[in-house]
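Text of upload-v6.cif, listed as mmCIF, C-alpha atoms and all ligand atoms:
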```cif
data_work
loop_
_atom_site.label_atom_id
_atom_site.label_comp_id
_atom_site.auth_asym_id
_atom_site.auth_seq_id
_atom_site.Cartn_x
_atom_site.Cartn_y
_atom_site.Cartn_z
CA MET A 1 -118.11 120.00 -2.44
CA LYS A 2 -118.47 123.68 -3.27
CA ILE A 3 -115.35 125.77 -3.81
CA ASP A 4 -115.55 129.31 -2.39
CA ILE A 5 -113.55 131.86 -4.31
CA PHE A 6 -112.03 134.93 -2.64
CA ARG A 7 -110.33 137.00 -5.30
CA ASN A 8 -107.07 138.74 -4.62
CA PRO A 9 -107.82 142.49 -4.41
CA ASN A 10 -104.13 143.30 -5.04
CA PRO A 11 -102.95 141.17 -7.98
CA ALA A 12 -99.18 141.16 -8.39
CA GLU A 13 -97.27 142.31 -11.42
CA LYS A 14 -96.55 139.43 -13.84
CA PRO A 15 -92.87 138.73 -14.52
CA GLY A 16 -91.71 140.89 -17.42
CA ASP A 17 -88.89 138.81 -18.82
CA GLU A 18 -90.02 135.17 -19.06
CA SER A 19 -86.52 134.02 -19.98
CA LYS A 20 -85.44 134.85 -16.40
CA LEU A 21 -88.20 132.93 -14.60
CA GLY A 22 -86.03 130.06 -13.36
CA PHE A 23 -87.84 127.34 -11.45
CA GLY A 24 -90.31 127.76 -8.58
CA ARG A 25 -89.40 131.28 -7.49
CA VAL A 26 -92.42 133.31 -8.55
CA PHE A 27 -95.97 132.55 -7.37
CA THR A 28 -99.37 133.53 -8.74
CA ASP A 29 -102.16 135.57 -7.13
CA HIS A 30 -104.18 132.68 -5.69
CA MET A 31 -103.92 129.30 -3.99
CA PHE A 32 -106.35 126.49 -3.26
CA LEU A 33 -106.84 125.17 0.28
CA MET A 34 -109.05 122.69 2.05
CA ASP A 35 -108.99 121.12 5.51
CA TRP A 36 -109.55 117.61 6.76
CA ASP A 37 -110.59 116.64 10.22
CA LYS A 38 -110.95 113.14 11.57
CA GLY A 39 -114.63 112.20 11.68
CA ARG A 40 -115.58 115.07 9.38
CA GLY A 41 -113.51 114.53 6.24
CA TRP A 42 -112.49 117.28 3.79
CA HIS A 43 -114.21 120.62 4.17
CA ASP A 44 -113.92 124.34 3.44
CA ALA A 45 -112.58 124.07 -0.09
CA ARG A 46 -111.56 127.57 -1.10
CA ILE A 47 -109.42 129.60 -3.42
CA VAL A 48 -107.87 132.55 -1.62
CA PRO A 49 -105.21 135.19 -2.26
CA PHE A 50 -101.69 133.72 -2.16
CA GLU A 51 -100.30 134.47 1.29
CA ASN A 52 -98.20 133.05 4.10
CA LEU A 53 -99.71 130.21 6.09
CA SER A 54 -100.22 130.47 9.78
CA ILE A 55 -98.97 127.31 11.45
CA HIS A 56 -98.80 126.11 15.06
CA PRO A 57 -95.18 125.66 16.25
CA ALA A 58 -96.01 122.07 17.30
CA SER A 59 -97.54 121.17 13.89
CA THR A 60 -96.87 117.53 12.94
CA ALA A 61 -95.49 118.54 9.55
CA LEU A 62 -92.76 120.63 11.18
CA HIS A 63 -91.58 117.92 13.55
CA TYR A 64 -92.21 114.56 11.94
CA GLY A 65 -92.18 115.24 8.20
CA SER A 66 -95.86 114.52 7.76
CA GLU A 67 -95.90 115.93 4.22
CA ILE A 68 -96.49 114.74 0.68
CA PHE A 69 -96.48 116.66 -2.58
CA GLU A 70 -96.98 116.46 -6.31
CA GLY A 71 -95.58 118.28 -9.30
CA LEU A 72 -97.32 118.85 -12.63
CA LYS A 73 -97.58 121.60 -15.19
CA ALA A 74 -100.09 123.70 -17.12
CA TYR A 75 -99.00 124.52 -20.66
CA ARG A 76 -100.14 127.29 -22.96
CA GLU A 77 -100.83 125.36 -26.14
CA VAL A 78 -100.05 126.73 -29.58
CA THR A 79 -103.78 127.56 -29.89
CA GLY A 80 -103.63 129.64 -26.68
CA GLN A 81 -105.69 127.04 -24.76
CA VAL A 82 -104.23 126.23 -21.33
CA CYS A 83 -103.95 122.49 -20.69
CA LEU A 84 -102.79 120.10 -17.98
CA PHE A 85 -100.83 116.91 -18.60
CA ARG A 86 -102.28 113.75 -17.02
CA PRO A 87 -103.45 115.43 -13.78
CA ASP A 88 -105.41 112.30 -12.82
CA GLU A 89 -102.10 110.41 -12.60
CA ASN A 90 -100.68 112.95 -10.16
CA PHE A 91 -103.64 112.76 -7.80
CA ALA A 92 -103.68 108.96 -8.02
CA ARG A 93 -100.00 108.96 -7.02
CA MET A 94 -100.73 111.49 -4.28
CA ASN A 95 -103.26 109.08 -2.82
CA ARG A 96 -100.66 106.30 -2.84
CA SER A 97 -98.21 108.64 -1.08
CA ALA A 98 -100.95 109.58 1.39
CA ALA A 99 -101.59 105.91 2.18
CA ARG A 100 -97.87 105.39 2.90
CA MET A 101 -97.68 108.47 5.12
CA ALA A 102 -100.94 107.79 6.99
CA LEU A 103 -102.58 110.90 5.53
CA PRO A 104 -106.19 110.95 4.27
CA GLN A 105 -107.28 110.09 0.73
CA LEU A 106 -108.38 112.76 -1.71
CA ASP A 107 -111.35 112.54 -4.04
CA GLU A 108 -109.20 112.51 -7.19
CA GLU A 109 -111.91 113.91 -9.46
CA PHE A 110 -112.59 116.74 -7.06
CA ALA A 111 -108.86 117.51 -6.82
CA VAL A 112 -108.63 117.81 -10.63
CA ARG A 113 -111.70 120.08 -10.62
CA ALA A 114 -110.21 122.27 -7.88
CA LEU A 115 -106.95 122.49 -9.81
CA LYS A 116 -108.74 123.47 -13.01
CA GLU A 117 -110.65 126.22 -11.15
CA LEU A 118 -107.42 127.58 -9.69
CA VAL A 119 -105.52 127.52 -12.97
CA LYS A 120 -108.45 129.13 -14.76
CA LEU A 121 -108.48 131.98 -12.24
CA ASP A 122 -104.72 132.53 -12.63
CA GLU A 123 -104.64 131.70 -16.34
CA ASP A 124 -102.89 134.97 -17.22
CA TRP A 125 -99.92 133.71 -15.21
CA VAL A 126 -99.29 130.80 -17.58
CA PRO A 127 -96.19 132.00 -19.41
CA HIS A 128 -95.98 132.26 -23.19
CA GLY A 129 -92.29 131.71 -23.95
CA GLU A 130 -90.87 128.58 -25.56
CA GLY A 131 -90.25 125.92 -22.89
CA THR A 132 -92.01 127.84 -20.12
CA SER A 133 -95.03 126.57 -18.21
CA LEU A 134 -96.99 126.99 -15.01
CA TYR A 135 -95.53 124.57 -12.48
CA ILE A 136 -98.21 123.25 -10.12
CA ARG A 137 -97.39 122.11 -6.61
CA PRO A 138 -100.20 120.35 -4.70
CA PHE A 139 -99.18 119.34 -1.18
CA MET A 140 -100.68 117.92 1.97
CA ILE A 141 -99.50 118.36 5.55
CA GLY A 142 -100.39 116.65 8.79
CA ASP A 143 -101.17 119.55 11.12
CA ASP A 144 -102.03 118.39 14.62
CA GLU A 145 -101.09 120.91 17.27
CA HIS A 146 -99.24 118.64 19.70
CA LEU A 147 -96.07 116.58 19.76
CA GLY A 148 -97.23 112.95 19.94
CA VAL A 149 -96.12 110.66 17.10
CA HIS A 150 -99.32 109.08 15.79
CA GLY A 151 -101.95 109.35 13.07
CA VAL A 152 -103.06 112.94 12.56
CA SER A 153 -106.55 114.33 13.06
CA HIS A 154 -106.10 117.61 11.19
CA VAL A 155 -104.68 117.89 7.68
CA ARG A 156 -104.39 120.66 5.12
CA PHE A 157 -104.31 120.23 1.34
CA ILE A 158 -102.98 123.17 -0.65
CA ILE A 159 -102.16 123.93 -4.30
CA ILE A 160 -99.78 126.69 -5.29
CA LEU A 161 -98.75 127.74 -8.80
CA SER A 162 -95.43 128.99 -10.09
CA PRO A 163 -94.69 130.24 -13.63
CA SER A 164 -91.40 128.56 -14.47
CA GLY A 165 -88.72 128.07 -17.07
CA SER A 166 -86.21 125.22 -17.19
CA TYR A 167 -85.48 123.25 -14.05
CA TYR A 168 -81.80 123.07 -14.92
CA ALA A 169 -79.89 126.20 -15.84
CA GLN A 170 -78.64 124.20 -18.86
CA GLY A 171 -82.18 123.90 -20.31
CA ILE A 172 -82.16 121.07 -22.87
CA ASP A 173 -78.33 121.04 -22.90
CA PRO A 174 -76.86 117.89 -21.36
CA VAL A 175 -76.43 117.75 -17.59
CA ASP A 176 -73.56 116.04 -15.81
CA ILE A 177 -74.54 113.50 -13.17
CA MET A 178 -72.51 111.92 -10.37
CA ILE A 179 -73.23 108.42 -9.09
CA GLU A 180 -73.57 108.66 -5.31
CA ASP A 181 -71.73 105.94 -3.39
CA GLU A 182 -72.14 107.16 0.19
CA ASP A 183 -75.66 108.33 1.03
CA VAL A 184 -78.70 106.36 -0.14
CA ARG A 185 -82.10 107.75 -1.00
CA ALA A 186 -84.47 104.93 -0.17
CA VAL A 187 -84.93 101.28 0.66
CA ARG A 188 -87.80 98.97 -0.12
CA GLY A 189 -90.40 99.26 2.63
CA GLY A 190 -89.30 102.84 3.27
CA THR A 191 -90.80 105.87 1.57
CA GLY A 192 -88.92 105.85 -1.76
CA GLU A 193 -91.96 105.32 -3.93
CA ALA A 194 -93.95 107.97 -2.08
CA LYS A 195 -93.50 111.61 -2.99
CA CYS A 196 -92.86 112.88 0.51
CA GLY A 197 -90.75 115.83 1.57
CA GLY A 198 -88.42 113.76 3.74
CA ASN A 199 -87.01 111.93 0.71
CA TYR A 200 -85.85 115.25 -0.68
CA GLY A 201 -84.56 116.75 2.56
CA ALA A 202 -82.35 113.70 3.03
CA SER A 203 -81.01 113.97 -0.52
CA VAL A 204 -79.68 117.50 -0.26
CA ARG A 205 -76.30 116.64 1.29
CA ALA A 206 -75.34 114.37 -1.59
CA GLY A 207 -76.73 116.90 -4.09
CA ASP A 208 -74.61 119.66 -2.56
CA ARG A 209 -71.47 117.51 -2.72
CA ALA A 210 -72.17 116.77 -6.38
CA GLU A 211 -72.74 120.45 -7.13
CA GLU A 212 -69.45 121.37 -5.48
CA LYS A 213 -67.76 119.07 -7.96
CA GLY A 214 -69.64 120.61 -10.88
CA TYR A 215 -72.42 118.03 -11.28
CA ALA A 216 -76.09 118.96 -11.57
CA GLN A 217 -77.48 116.05 -9.53
CA VAL A 218 -76.71 112.59 -8.20
CA LEU A 219 -77.72 109.21 -9.54
CA TRP A 220 -78.80 107.05 -6.62
CA LEU A 221 -77.87 103.42 -6.15
CA ASP A 222 -80.10 100.94 -4.32
CA GLY A 223 -80.02 101.37 -0.57
CA VAL A 224 -79.12 97.78 0.35
CA GLU A 225 -76.33 96.53 -1.92
CA ARG A 226 -75.43 99.85 -3.58
CA LYS A 227 -75.07 97.87 -6.78
CA TYR A 228 -78.14 98.76 -8.81
CA ILE A 229 -79.16 101.99 -10.48
CA GLU A 230 -82.29 103.64 -9.09
CA GLU A 231 -83.03 107.23 -10.18
CA VAL A 232 -81.76 110.79 -10.16
CA GLY A 233 -82.63 113.45 -7.54
CA SER A 234 -85.70 114.75 -9.35
CA MET A 235 -86.11 112.45 -12.33
CA ASN A 236 -86.17 108.82 -13.43
CA ILE A 237 -83.31 107.60 -15.57
CA MET A 238 -83.20 105.76 -18.90
CA PHE A 239 -80.30 104.40 -20.94
CA LYS A 240 -79.67 103.23 -24.46
CA ILE A 241 -77.17 100.41 -24.20
CA ASP A 242 -76.04 98.67 -27.37
CA GLY A 243 -79.14 99.79 -29.25
CA LYS A 244 -81.64 98.82 -26.53
CA ILE A 245 -83.54 101.18 -24.26
CA CYS A 246 -83.73 100.22 -20.61
CA THR A 247 -84.77 101.78 -17.32
CA PRO A 248 -84.71 100.53 -13.72
CA ALA A 249 -87.86 98.56 -12.89
CA LEU A 250 -90.18 100.03 -10.25
CA ASN A 251 -89.02 98.06 -7.26
CA GLY A 252 -90.67 99.80 -4.35
CA SER A 253 -87.93 102.35 -3.70
CA ILE A 254 -88.09 104.37 -6.94
CA LEU A 255 -90.64 107.11 -7.57
CA PRO A 256 -93.04 105.88 -10.28
CA GLY A 257 -92.68 108.88 -12.57
CA ILE A 258 -95.53 109.97 -14.81
CA THR A 259 -93.05 111.14 -17.44
CA ARG A 260 -91.38 107.72 -17.26
CA LYS A 261 -94.75 106.00 -17.68
CA SER A 262 -95.63 108.27 -20.61
CA ILE A 263 -92.32 107.65 -22.39
CA LEU A 264 -92.68 103.87 -21.97
CA ALA A 265 -96.22 104.04 -23.40
CA LEU A 266 -95.05 106.22 -26.28
CA LEU A 267 -92.11 103.98 -27.23
CA ARG A 268 -94.10 100.77 -26.91
CA SER A 269 -96.96 102.18 -28.99
CA GLU A 270 -94.42 102.63 -31.78
CA GLY A 271 -93.16 99.06 -31.45
CA THR A 272 -89.90 100.03 -29.71
CA GLU A 273 -88.88 97.55 -27.08
CA VAL A 274 -88.06 98.97 -23.65
CA GLU A 275 -86.70 96.88 -20.82
CA GLU A 276 -87.75 97.62 -17.25
CA ARG A 277 -85.29 95.65 -15.20
CA ARG A 278 -82.49 95.75 -12.68
CA ILE A 279 -79.51 97.61 -14.13
CA SER A 280 -76.31 97.12 -12.21
CA LEU A 281 -73.61 99.71 -11.80
CA ASP A 282 -71.17 97.09 -13.18
CA GLU A 283 -73.20 96.69 -16.35
CA LEU A 284 -73.39 100.46 -16.81
CA MET A 285 -69.65 100.98 -16.21
CA THR A 286 -68.73 98.13 -18.57
CA ALA A 287 -71.05 99.50 -21.26
CA ALA A 288 -69.56 102.98 -20.79
CA GLN A 289 -65.99 101.61 -21.05
CA ASN A 290 -66.82 99.61 -24.18
CA GLY A 291 -68.56 102.50 -25.90
CA LYS A 292 -71.93 100.72 -25.68
CA LEU A 293 -73.58 103.31 -23.45
CA GLU A 294 -75.00 105.26 -26.35
CA GLU A 295 -77.36 107.60 -24.54
CA ALA A 296 -78.61 108.41 -21.06
CA TRP A 297 -81.42 110.77 -20.13
CA GLY A 298 -83.46 111.70 -17.12
CA CYS A 299 -87.20 112.27 -17.29
CA GLY A 300 -89.55 114.10 -14.97
CA THR A 301 -92.14 116.85 -14.88
CA ALA A 302 -89.76 119.63 -13.90
CA ALA A 303 -86.78 118.26 -15.86
CA VAL A 304 -88.86 117.11 -18.90
CA VAL A 305 -86.38 114.94 -20.88
CA SER A 306 -82.87 115.84 -19.88
CA PRO A 307 -79.83 114.38 -21.66
CA VAL A 308 -76.91 113.24 -19.51
CA GLY A 309 -73.63 114.46 -21.01
CA HIS A 310 -71.22 113.03 -18.44
CA LEU A 311 -71.64 110.33 -15.85
CA ALA A 312 -69.11 110.18 -13.02
CA TYR A 313 -68.45 107.38 -10.59
CA GLN A 314 -65.68 107.94 -8.03
CA ASP A 315 -62.69 109.02 -10.12
CA GLN A 316 -64.02 107.79 -13.46
CA VAL A 317 -65.87 110.18 -15.76
CA PHE A 318 -67.62 108.95 -18.90
CA GLU A 319 -68.72 111.15 -21.73
CA ILE A 320 -72.03 109.99 -23.23
CA SER A 321 -73.07 110.63 -26.79
CA GLY A 322 -70.11 112.97 -27.28
CA GLY A 323 -71.45 115.16 -24.44
CA LYS A 324 -74.36 116.11 -26.73
CA ILE A 325 -78.03 115.22 -26.86
CA GLY A 326 -78.45 111.84 -28.60
CA PRO A 327 -81.07 111.06 -31.28
CA THR A 328 -83.42 109.02 -29.06
CA THR A 329 -83.29 111.65 -26.30
CA GLN A 330 -84.00 114.40 -28.83
CA TYR A 331 -86.87 112.40 -30.31
CA LEU A 332 -88.43 111.84 -26.89
CA TYR A 333 -88.00 115.49 -25.91
CA ASP A 334 -89.58 116.68 -29.17
CA THR A 335 -92.45 114.19 -29.04
CA LEU A 336 -93.35 114.65 -25.39
CA THR A 337 -93.13 118.44 -25.45
CA GLY A 338 -94.93 118.35 -28.83
CA ILE A 339 -97.88 116.59 -27.21
CA GLN A 340 -97.76 118.80 -24.11
CA TRP A 341 -97.73 122.06 -26.06
CA GLY A 342 -100.29 120.85 -28.62
CA ARG A 343 -97.86 120.82 -31.56
CA LEU A 344 -98.43 117.08 -32.06
CA PRO A 345 -101.65 115.07 -31.90
CA ASP A 346 -102.51 113.69 -28.47
CA LYS A 347 -103.41 110.16 -29.46
CA PHE A 348 -103.27 108.94 -25.85
CA GLY A 349 -105.74 111.50 -24.44
CA TRP A 350 -103.16 112.82 -21.95
CA VAL A 351 -103.83 116.52 -22.44
CA VAL A 352 -106.68 118.01 -20.39
CA PRO A 353 -107.92 121.55 -21.14
CA VAL A 354 -108.66 123.68 -18.06
CA GLU A 355 -111.77 124.79 -20.07
N1 LIG A 401 -88.00 110.74 -9.38
C1 LIG A 401 -87.98 111.71 -8.45
C2 LIG A 401 -87.21 111.50 -7.22
C3 LIG A 401 -88.73 112.89 -8.66
O1 LIG A 401 -88.75 113.87 -7.76
C4 LIG A 401 -89.47 113.03 -9.85
C5 LIG A 401 -90.26 114.24 -10.09
O2 LIG A 401 -91.39 114.32 -9.77
C6 LIG A 401 -89.45 111.99 -10.78
C7 LIG A 401 -88.70 110.86 -10.52
C8 LIG A 401 -90.24 112.07 -12.05
O3 LIG A 401 -91.61 111.95 -11.81
P1 LIG A 401 -92.68 112.65 -12.75
O4 LIG A 401 -92.35 112.25 -14.13
O5 LIG A 401 -93.98 112.14 -12.29
O6 LIG A 401 -92.52 114.11 -12.56
C1 LIG A 402 -91.21 117.44 -10.35
O1 LIG A 402 -90.61 117.12 -11.37
O2 LIG A 402 -92.37 117.83 -10.35
C2 LIG A 402 -90.59 117.38 -9.05
O3 LIG A 402 -91.29 117.26 -8.12
C3 LIG A 402 -89.17 117.52 -8.95
C4 LIG A 402 -88.78 118.43 -7.89
C5 LIG A 402 -88.57 117.92 -6.56
C6 LIG A 402 -88.44 119.80 -8.19
#
```
Let me see whether you can do it: turn the structure in this file into C-alpha cells.
Amino acid sequence: MKIDIFRNPNPAEKPGDESKLGFGRVFTDHMFLMDWDKGRGWHDARIVPFENLSIHPASTALHYGSEIFEGLKAYREVTGQVCLFRPDENFARMNRSAARMALPQLDEEFAVRALKELVKLDEDWVPHGEGTSLYIRPFMIGDDEHLGVHGVSHVRFIIILSPSGSYYAQGIDPVDIMIEDEDVRAVRGGTGEAKCGGNYGASVRAGDRAEEKGYAQVLWLDGVERKYIEEVGSMNIMFKIDGKICTPALNGSILPGITRKSILALLRSEGTEVEERRISLDELMTAAQNGKLEEAWGCGTAAVVSPVGHLAYQDQVFEISGGKIGPTTQYLYDTLTGIQWGRLPDKFGWVVPVE
C-alpha cells in the first residue's frame, strides 16, 4: 500500500529544555493514519499534520472501549542514527490485542514501514538529552457510527509521536509501590494480556489511592484469589529472592512485556537462571521479612528498568535494597539502555534503524 504524505505547513517549535519534557505531553508535527472498512480492508494510508480527530458522538470507541494501543520508542543513538527497539514485537502484540478485541489484523511489516516513514519525517523531534527518546503510540479504534454492541465495520489505525523524558518523576531513582488488595486489574479470559484502553481506565482508581499515600503505582494481585503477584500499572515486575531472579509467569492476565522478554533473553544468554512462575504474596512478604528480598524492579517501555525502593502491603512497608538501586537492577538498566542507545553491541539484532 502506498503512503501519501501531506507535510505540515506550520511546523511547531521544538521543546527548548529537554530536561522538562516529562512523559507524553508534547507531540510532533505529523501523524500516521489509515482506515479499515469491512469488505475493503485497510486503505488510505497517509501521513498528515498532527491535528485533532473528528469523531462521531456514537463512535464505538467512545461507548464500548473498542480500543487497543502500543508503546515503543525511537532512540537517538550515540552515532546520531535514529533507531527503533523491536518494533516487530509491538505490532505482533497489537495483532494479538486486536484478535481479543475483535478488531482487524494489521500487516505487521507494513506497520513497521509506516512507522519508519513517520519517524523519519519527524526525526528532528527525537530528543538528544541523556535518557530522552521519542515515545511512539500506535493505536486502533473501532469507529462505527451507531450504538449497537457488535463487531465493527469501520476502524482507524493511528500513530502519534511524543518526545519524552522519564516516565516517573524519579527517573532511575527507586519508586515506591503499593500492593493493591481491593481492585483487581484482570482475570484469565478477560483482557489482561491485551493492551486495550479499558485495562488502564479501570486501574486509575487504585493508582490514585496509591498516589495519595505517596506511592508511584500499584502492584496488582491475581483477580481470582488475590494471592499471586501479577504486574505493576505500566510495567512487569521482577524480583531477586535469595540470589535467584524470578518473575510472574505469563498466565493469560498479565501483559506480555517486550522489555520483560528482552531482559529474560539477555539474562539467559549470559547463563543466568530466571524463573517464570507463580509468586505468591505470602512468599514475597516472608522473603521481605527475612531479608531475602534482595531486589525488585519493574520493566517496561516507558518505565525502562525501574528499581522498587519500598513495597507496601496494607500497614506493612518493606525497604528493598536499602531503598537504593540494587546491582542486578543497575546492570539490567545499563545493559538494556546501552543496547537501545547504541553504546553496547546489539548481539540480538533488536535495534532497527529508521534509515
Ligand atoms: N504491563 C503493563 C500493564 C504495561 O502497560 C506495560 C507497558 O507497556 C508493560 C507491562 C511492559 O510492556 P513493554 O515492556 O512491552 O512496554
Ligand atoms: C508503555 O510502557 O509503553 C506503556 O504503554 C505504559 C503506559 C500505559 C504509559
Discussion item. Could you list, as a PyMOL selection string, every residue within 7 Å of segment 312-328 of chain A, counting only C-alpha atoms and ignoring same-chain residues fewer than 4 positions away?
Written reply: chain A and resi 174+177-179+288+293-295+307-308+332
Could you please take those selected residues and save C-alpha atoms as an mmCIF file, keeping the file's coordinate frame?
```
data_model
loop_
_atom_site.group_PDB
_atom_site.id
_atom_site.type_symbol
_atom_site.label_atom_id
_atom_site.label_comp_id
_atom_site.auth_asym_id
_atom_site.auth_seq_id
_atom_site.Cartn_x
_atom_site.Cartn_y
_atom_site.Cartn_z
ATOM 1 C CA PRO A 174 -76.860 117.890 -21.360
ATOM 2 C CA ILE A 177 -74.540 113.500 -13.170
ATOM 3 C CA MET A 178 -72.510 111.920 -10.370
ATOM 4 C CA ILE A 179 -73.230 108.420 -9.090
ATOM 5 C CA ALA A 288 -69.560 102.980 -20.790
ATOM 6 C CA LEU A 293 -73.580 103.310 -23.450
ATOM 7 C CA GLU A 294 -75.000 105.260 -26.350
ATOM 8 C CA GLU A 295 -77.360 107.600 -24.540
ATOM 9 C CA PRO A 307 -79.830 114.380 -21.660
ATOM 10 C CA VAL A 308 -76.910 113.240 -19.510
ATOM 11 C CA LEU A 332 -88.430 111.840 -26.890
#
```
Fill in: Å distance separating atom CA of His146 of chain A from atom CA of Gly39 of chain A, one decimal place
18.5 Å
Item to complete: All residues within 7 Å of ligand LIG 401 (chain A) are required, counting only C-alpha atoms and all ligand atoms; please report them as a ChimeraX atom specification.
Response: /A:70-72,231-236,254-260,299-302
Would you write out those residues with C-alpha atoms, as a PDB file, in the coordinates of the input?
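That gives us part-v8.pdb:
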```
ATOM      1  CA  GLU A  70     -96.980 116.460  -6.310  1.00  0.00           C
ATOM      2  CA  GLY A  71     -95.580 118.280  -9.300  1.00  0.00           C
ATOM      3  CA  LEU A  72     -97.320 118.850 -12.630  1.00  0.00           C
ATOM      4  CA  GLU A 231     -83.030 107.230 -10.180  1.00  0.00           C
ATOM      5  CA  VAL A 232     -81.760 110.790 -10.160  1.00  0.00           C
ATOM      6  CA  GLY A 233     -82.630 113.450  -7.540  1.00  0.00           C
ATOM      7  CA  SER A 234     -85.700 114.750  -9.350  1.00  0.00           C
ATOM      8  CA  MET A 235     -86.110 112.450 -12.330  1.00  0.00           C
ATOM      9  CA  ASN A 236     -86.170 108.820 -13.430  1.00  0.00           C
ATOM     10  CA  ILE A 254     -88.090 104.370  -6.940  1.00  0.00           C
ATOM     11  CA  LEU A 255     -90.640 107.110  -7.570  1.00  0.00           C
ATOM     12  CA  PRO A 256     -93.040 105.880 -10.280  1.00  0.00           C
ATOM     13  CA  GLY A 257     -92.680 108.880 -12.570  1.00  0.00           C
ATOM     14  CA  ILE A 258     -95.530 109.970 -14.810  1.00  0.00           C
ATOM     15  CA  THR A 259     -93.050 111.140 -17.440  1.00  0.00           C
ATOM     16  CA  ARG A 260     -91.380 107.720 -17.260  1.00  0.00           C
ATOM     17  CA  CYS A 299     -87.200 112.270 -17.290  1.00  0.00           C
ATOM     18  CA  GLY A 300     -89.550 114.100 -14.970  1.00  0.00           C
ATOM     19  CA  THR A 301     -92.140 116.850 -14.880  1.00  0.00           C
ATOM     20  CA  ALA A 302     -89.760 119.630 -13.900  1.00  0.00           C
TER      21      ALA A 302
END
```
Item to complete: Pick out the residues sitting within 10 Å of Arg40 of chain A, and hand them over as JSON, numbers by chain; count all atoms listed in the file, and ignore anything fewer than 5 positions along from it in its own chain.
Response: {"A": [35, 153, 154]}
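Proximity ranking of A:Glu77, A:Asn10, A:Leu161, A:Phe348 relative to ligand LIG 402 (chain A) places A:Leu161 first, based on all atoms listed in the file.
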